[in-house]
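K.L.:
Encoded as structure tokens, here's the structure I'll be asking about.
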Amino acid sequence: MMVSSSSSSFSISPSVILTQDELKKIAAYKAVEFVESGMVLGLGTGSTAKFAVERIGELLRQGKLQNIVGVPTSKMTEEQAISLGIPLSDLDSHPVLDLAIDGADEVDPYLNLVKGRGGSLLREKMVEGVCRKFVVIVDESKLVKHLGGSGLAMPVEIVPFCWKFTAERLQSLFEDSGCVAKLRTCGENGYPFVTDNSNYIVDLYFKKDIGDLKAASDAILRLAGVVEHGMFLDMATTLIVAGKHGVTVKNK
Ligand code: 5RP
């Protein structure tokens, strides 16, 4: 579906040079304006979502928001929300959420996303897939023409069992796009990065366009050993972008 409306909602003086973190914070605070008392919220993960969670905690503390329940998309966000006194729940108790706010690694003109470079894509997809409204918050560096075309990673969460086998199958799936699949590691020792769900992540790097995103998604999910991938297709309902010329809010 095409993005149907675009409106500039906030402008920044041309003489002010903002850091990337400041832009993330502006986008996050703008998104929190959609939050109303009594809502059940999906709480995203990452350096941008962190500002939104922080703001929700602040408004709760000030009594400007009440009866909020959050469903965190990672252990990290869960810890942050607990430290801020945000009441938490889960999808077992709240299978439908009012609103989720989260960052993204790439956003295309149709509001399709790449997520998961922070490693939380599975819980993010579970939570954000059942929200009535999903607001994505980014600084303008995340905008791309085509997903996977930035030369950066397209993450896929896989089970640890025979991970090389699964990584090789993922790579061959996109041979025509010059795909290279790499196991995500952490620290200097090169141990595999382990997700909150005790899985591994394989990052796919493409030299050429991957073409039809839905077909790519289906092909990845058909592989036994794959748990989920970081393409969030047709899920975001609103995009908030903070850039040097201001903040824009786009709705689907
Ligand atoms: C984590 C994610 C994040 O939302 C994504 O990586 C964006 O992170 P940041 O706001 O730090 O740039 O998907 O799994």
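We label chains A, B, ... in the order they appear in the structure tokens, count residues from 1 in each chain, and number ligands from 1 in the order shown.
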Could you please extract the residues within 7 Å of ligand 1, counting only C-alpha atoms and all ligand atoms, and hand them back as an NGL selection string?
P.N.:
:A and (44-49 or 102-105 or 115-121 or 138)
K.L.:
List the neighbours of A:Lys182 out to 7 Å using only C-alpha atoms; skip same-chain residues closer than 6 positions along the sequence, and give me the result as a PDB file with N, CA and C atoms, in the first residue's frame.
P.N.:
ATOM      1  N   VAL A 202      21.772 -14.702  11.636  1.00  0.00           N
ATOM      2  CA  VAL A 202      22.601 -14.655  10.427  1.00  0.00           C
ATOM      3  C   VAL A 202      22.245 -13.358   9.712  1.00  0.00           C
ATOM      4  N   ASP A 203      23.269 -12.569   9.402  1.00  0.00           N
ATOM      5  CA  ASP A 203      23.048 -11.319   8.678  1.00  0.00           C
ATOM      6  C   ASP A 203      23.299 -11.544   7.191  1.00  0.00           C
ATOM      7  N   LEU A 204      22.341 -11.152   6.381  1.00  0.00           N
ATOM      8  CA  LEU A 204      22.480 -11.286   4.929  1.00  0.00           C
ATOM      9  C   LEU A 204      22.897  -9.939   4.335  1.00  0.00           C
TER      10      LEU A 204
END
K.L.:
Near A:Ser83, counting only C-alpha atoms, which residues have an atom at most 12 Å away, once you skip same-chain residues fewer than 6 positions from it, shown as a list in words?
P.N.:
Val53, Glu54, Gly57, Glu58, Arg61, Met76 and Thr77 of chain A
K.L.:
Looking only at the backbone, which of the residues in stretch 51-174 of chain A does DSSP tag as alpha helix (DSSP H), as a CSV table (one decimal) with C-alpha atoms, in the first residue's frame?
P.N.:
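Wrote it out as part.csv, contents follow:
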chain,number,residue,atom,x,y,z
A,51,PHE,CA,13.9,7.6,24.2
A,52,ALA,CA,10.2,6.8,23.7
A,53,VAL,CA,10.2,4.5,26.7
A,54,GLU,CA,12.0,7.1,28.7
A,55,ARG,CA,9.3,9.7,27.8
A,56,ILE,CA,6.4,7.4,28.6
A,57,GLY,CA,8.0,6.7,32.1
A,58,GLU,CA,8.4,10.5,32.6
A,59,LEU,CA,4.8,11.2,31.7
A,60,LEU,CA,3.6,8.4,34.0
A,61,ARG,CA,5.7,9.8,36.8
A,75,LYS,CA,14.8,-8.1,27.8
A,76,MET,CA,16.7,-4.8,27.5
A,77,THR,CA,13.5,-2.8,27.1
A,78,GLU,CA,11.9,-4.8,29.9
A,79,GLU,CA,14.7,-3.8,32.2
A,80,GLN,CA,14.4,-0.1,31.2
A,81,ALA,CA,10.6,-0.1,31.6
A,82,ILE,CA,10.9,-1.7,35.1
A,83,SER,CA,13.4,0.8,36.1
A,121,LEU,CA,13.4,-8.9,15.6
A,122,LEU,CA,11.3,-11.9,16.7
A,123,ARG,CA,9.7,-10.3,19.8
A,124,GLU,CA,9.4,-7.1,17.9
A,125,LYS,CA,7.5,-8.8,15.1
A,126,MET,CA,5.3,-10.7,17.5
A,127,VAL,CA,4.3,-7.6,19.4
A,128,GLU,CA,4.1,-5.1,16.5
A,163,TRP,CA,23.5,-23.0,11.9
A,164,LYS,CA,26.1,-23.3,9.1
A,165,PHE,CA,23.8,-25.4,7.1
A,166,THR,CA,21.0,-22.9,7.5
A,167,ALA,CA,23.3,-20.0,6.8
A,168,GLU,CA,24.5,-21.7,3.6
A,169,ARG,CA,20.9,-22.3,2.5
A,170,LEU,CA,20.0,-18.7,3.1
A,171,GLN,CA,23.0,-17.5,1.1
A,172,SER,CA,22.1,-19.8,-1.9
A,173,LEU,CA,18.5,-18.6,-1.8
K.L.:
Please provide as a PDB file with C-alpha atoms, in the first residue's frame all residues within 6 Å of stretch 95-99 of chain A, with the sequence filter that same-chain residues fewer than 2 positions apart are discarded (counting only C-alpha atoms).
P.N.:
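Saved the output as part_3.pdb:
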ATOM      1  CA  MET A  39      -3.512   2.161  26.390  1.00  0.00           C
ATOM      2  CA  VAL A  40      -1.691  -1.141  26.119  1.00  0.00           C
ATOM      3  CA  LEU A  41       1.600  -0.324  24.405  1.00  0.00           C
ATOM      4  CA  LEU A  91       0.799 -11.110  24.679  1.00  0.00           C
ATOM      5  CA  ASP A  92      -0.771 -13.997  26.615  1.00  0.00           C
ATOM      6  CA  VAL A 130      -0.850  -7.320  16.793  1.00  0.00           C
ATOM      7  CA  CYS A 131      -0.943  -3.558  17.301  1.00  0.00           C
ATOM      8  CA  ARG A 132      -3.787  -1.422  16.013  1.00  0.00           C
ATOM      9  CA  LYS A 133      -1.250   1.303  15.285  1.00  0.00           C
ATOM     10  CA  PHE A 134       2.483   0.816  14.753  1.00  0.00           C
TER      11      PHE A 134
END
K.L.:
Could you give me, as JSON lines, every stretch 165-187 of chain A residue with an atom at most 12 Å from stretch 211-214 of chain A, plus its closest atom pair and distance in Å to one decimal, counting only C-alpha atoms, rows ordered by chain then number?
P.N.:
{"residue": "A:Phe174", "atom": "CA", "partner": "A:Gly211", "partner_atom": "CA", "distance": 10.0}
{"residue": "A:Asp176", "atom": "CA", "partner": "A:Gly211", "partner_atom": "CA", "distance": 10.2}
{"residue": "A:Ser177", "atom": "CA", "partner": "A:Gly211", "partner_atom": "CA", "distance": 8.7}
K.L.:
Could you save the residues just selected, with C-alpha atoms, as a compact mmCIF listing (two decimals), in the first residue's frame?
P.N.:
# COMPACT_ATOMS: atom_id res chain seq x y z
CA PHE A 174 19.80 -15.16 -2.91
CA ASP A 176 21.55 -14.02 -7.91
CA SER A 177 21.67 -10.97 -5.63
K.L.:
Here is a test: counting only C-alpha atoms, which residue of A:Val69, A:Ile201, A:Leu221, A:Val241 is nearest to A:Leu143?
P.N.:
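Smallest separation from A:Leu143 among the options: A:Val241.
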K.L.:
As a compact mmCIF listing (two decimals) with N, CA and C atoms, in the first residue's frame, list the residues of stretch 23-174 of chain A assigned to strand (DSSP E) by DSSP on the backbone atoms of this structure.
P.N.:
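Saved result, states-v1.txt, follows:
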# COMPACT_ATOMS: atom_id res chain seq x y z
N VAL A 40 -2.67 -0.05 26.02
CA VAL A 40 -1.69 -1.14 26.12
C VAL A 40 -0.69 -0.91 24.98
N LEU A 41 0.58 -0.78 25.36
CA LEU A 41 1.60 -0.32 24.41
C LEU A 41 2.67 -1.36 24.12
N GLY A 42 3.03 -1.51 22.88
CA GLY A 42 4.21 -2.28 22.51
C GLY A 42 5.42 -1.36 22.66
N LEU A 43 6.39 -1.80 23.46
CA LEU A 43 7.57 -0.97 23.72
C LEU A 43 8.74 -1.51 22.91
N VAL A 69 -0.12 0.11 30.19
CA VAL A 69 0.51 -1.20 30.34
C VAL A 69 1.43 -1.39 29.13
N GLY A 70 2.66 -1.79 29.38
CA GLY A 70 3.61 -1.98 28.28
C GLY A 70 3.91 -3.44 28.04
N VAL A 71 4.09 -3.78 26.77
CA VAL A 71 4.56 -5.12 26.41
C VAL A 71 5.94 -4.93 25.76
N PRO A 72 7.01 -5.28 26.45
CA PRO A 72 8.35 -5.02 25.92
C PRO A 72 8.74 -5.99 24.81
N LEU A 97 -2.87 -5.09 20.96
CA LEU A 97 -2.33 -3.89 21.60
C LEU A 97 -2.85 -2.64 20.89
N ASP A 98 -2.90 -1.54 21.63
CA ASP A 98 -3.40 -0.29 21.03
C ASP A 98 -2.37 0.34 20.11
N LEU A 99 -1.13 0.35 20.55
CA LEU A 99 -0.11 1.13 19.84
C LEU A 99 1.27 0.57 20.16
N ALA A 100 2.12 0.52 19.15
CA ALA A 100 3.53 0.20 19.41
C ALA A 100 4.39 1.31 18.82
N ILE A 101 5.49 1.59 19.47
CA ILE A 101 6.45 2.58 18.98
C ILE A 101 7.82 1.90 18.94
N ASP A 102 8.46 1.96 17.76
CA ASP A 102 9.77 1.31 17.65
C ASP A 102 10.60 1.96 16.54
N GLU A 106 16.01 0.25 8.35
CA GLU A 106 15.74 0.78 7.00
C GLU A 106 14.24 0.98 6.87
N VAL A 107 13.85 2.02 6.15
CA VAL A 107 12.43 2.26 5.85
C VAL A 107 12.32 2.60 4.37
N LEU A 113 9.93 -2.20 6.36
CA LEU A 113 11.09 -1.97 7.22
C LEU A 113 12.08 -3.12 7.20
N VAL A 114 13.33 -2.79 7.51
CA VAL A 114 14.26 -3.81 7.99
C VAL A 114 14.47 -3.50 9.47
N CYS A 131 -0.61 -4.91 16.84
CA CYS A 131 -0.94 -3.56 17.30
C CYS A 131 -1.91 -2.90 16.34
N ARG A 132 -2.86 -2.16 16.89
CA ARG A 132 -3.79 -1.42 16.01
C ARG A 132 -3.04 -0.34 15.26
N LYS A 133 -2.05 0.25 15.92
CA LYS A 133 -1.25 1.30 15.29
C LYS A 133 0.22 1.03 15.59
N PHE A 134 1.05 1.07 14.57
CA PHE A 134 2.48 0.82 14.75
C PHE A 134 3.25 2.03 14.22
N VAL A 135 3.79 2.80 15.16
CA VAL A 135 4.49 4.04 14.80
C VAL A 135 5.99 3.78 14.77
N VAL A 136 6.59 4.03 13.63
CA VAL A 136 8.03 3.82 13.45
C VAL A 136 8.75 5.16 13.56
N ILE A 137 9.81 5.17 14.35
CA ILE A 137 10.52 6.42 14.61
C ILE A 137 11.97 6.30 14.15
N VAL A 138 12.38 7.19 13.28
CA VAL A 138 13.75 7.13 12.75
C VAL A 138 14.31 8.53 12.52
N ASP A 139 15.64 8.59 12.45
CA ASP A 139 16.26 9.79 11.90
C ASP A 139 16.39 9.54 10.40
N MET A 154 20.69 -7.60 6.58
CA MET A 154 19.29 -8.01 6.69
C MET A 154 19.30 -9.21 7.65
N PRO A 155 18.86 -9.02 8.90
CA PRO A 155 19.01 -10.09 9.89
C PRO A 155 17.96 -11.19 9.77
N VAL A 156 18.41 -12.41 10.05
CA VAL A 156 17.50 -13.56 10.09
C VAL A 156 17.80 -14.32 11.37
N GLU A 157 16.77 -14.55 12.18
CA GLU A 157 16.96 -15.32 13.43
C GLU A 157 16.82 -16.80 13.09
N ILE A 158 17.79 -17.59 13.49
CA ILE A 158 17.77 -19.03 13.17
C ILE A 158 18.02 -19.84 14.45
K.L.:
With distances taken over only C-alpha atoms, which residue among A:Pro109, A:Thr19, A:His229, A:Asn67 lies nearest A:Glu36?
P.N.:
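With only C-alpha atoms as the atom set, the closest residue is A:Asn67.
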